[in-house]
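Engineer: Okay, here's the structure, questions in a sec.
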Amino acid sequence: MGSFLYFIVSSLLSLLIFAIFANAIISWLVAFDVINLRNQVVYNIAKFLDAVTRPILAPFQRIIPPLGGVDISPIIVLLILQGIKTYLLPMAFAPLMALLG
């Protein structure tokens, strides 16, 4: 049970990391006019990714100002999420795993 719960939490963090990467790439492609938000599929994907990532990115975007017009908050959030996934998650689940055997 503990390993399954660990798997679920770890997978959700991985999906969030992927969504932040995808959101950044989509925003760059839109900014450089490679893709267009008038395309309904692109618009729906961008809207979905923005809805998923905005609650995590918004607090960091208020704290960290853009550097030279570049928003570095996704990089900071990715580093934090990767640290949580790599270091804090195993430490948090270690007592549960030891308890359940």
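By order in the structure tokens, chains are A, B, ...; within a chain, residues start at 1; ligands start at 1, following the order shown.
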Going by DSSP on the backbone, which bits of stretch 22-94 of chain A are helix (DSSP H, G or I)? Write them as an MDAnalysis selection string, please.
Structural biologist: chainID A and resid 22:31 40:63 73:94
Engineer: List the neighbours of A:Pro74 out to 10 Å using only C-alpha atoms; skip same-chain residues closer than 6 positions along the sequence, and give me the result as a PyMOL selection string.
Structural biologist: chain A and resi 17+20-21+23-24+53+56-58+60-61+80
Engineer: Please produce a file of the residues just selected, as a PDB file, in the first residue's frame, where the atoms kept are C-alpha atoms.
Structural biologist:
ATOM      1  CA  ILE A  17       7.041  18.718 -14.167  1.00  0.00           C
ATOM      2  CA  ILE A  20       5.505  22.987 -16.763  1.00  0.00           C
ATOM      3  CA  PHE A  21       7.997  22.036 -19.503  1.00  0.00           C
ATOM      4  CA  ASN A  23       3.710  25.095 -21.002  1.00  0.00           C
ATOM      5  CA  ALA A  24       7.077  26.830 -21.339  1.00  0.00           C
ATOM      6  CA  THR A  53       0.485  25.181 -14.041  1.00  0.00           C
ATOM      7  CA  ILE A  56       1.997  26.560  -8.916  1.00  0.00           C
ATOM      8  CA  LEU A  57       3.761  29.241 -10.981  1.00  0.00           C
ATOM      9  CA  ALA A  58       1.753  32.330  -9.945  1.00  0.00           C
ATOM     10  CA  PHE A  60       6.728  32.454  -7.758  1.00  0.00           C
ATOM     11  CA  GLN A  61       5.982  34.907 -10.581  1.00  0.00           C
ATOM     12  CA  ILE A  80      12.002  22.765  -6.331  1.00  0.00           C
TER      13      ILE A  80
END
Engineer: Pick out the closest residue to A:Gly83 from this set: A:Asn44, A:Asn36, A:Ser27, A:Ser10. Count only C-alpha atoms.
Structural biologist: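 Nearest to A:Gly83: A:Ser10.
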Engineer: Distance atom CA of A:Leu13-atom CA of A:Val77, one decimal place?
Structural biologist: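 Answer for the atom CA of A:Leu13 to atom CA of A:Val77 separation: 11.5 Å.
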Engineer: Work out how far atom CA of A:Leu99 is from atom CA of A:Leu15, in Å to one decimal.
Structural biologist: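 If I compute the distance from atom CA of A:Leu15 to atom CA of A:Leu99, I get 28.0 Å.
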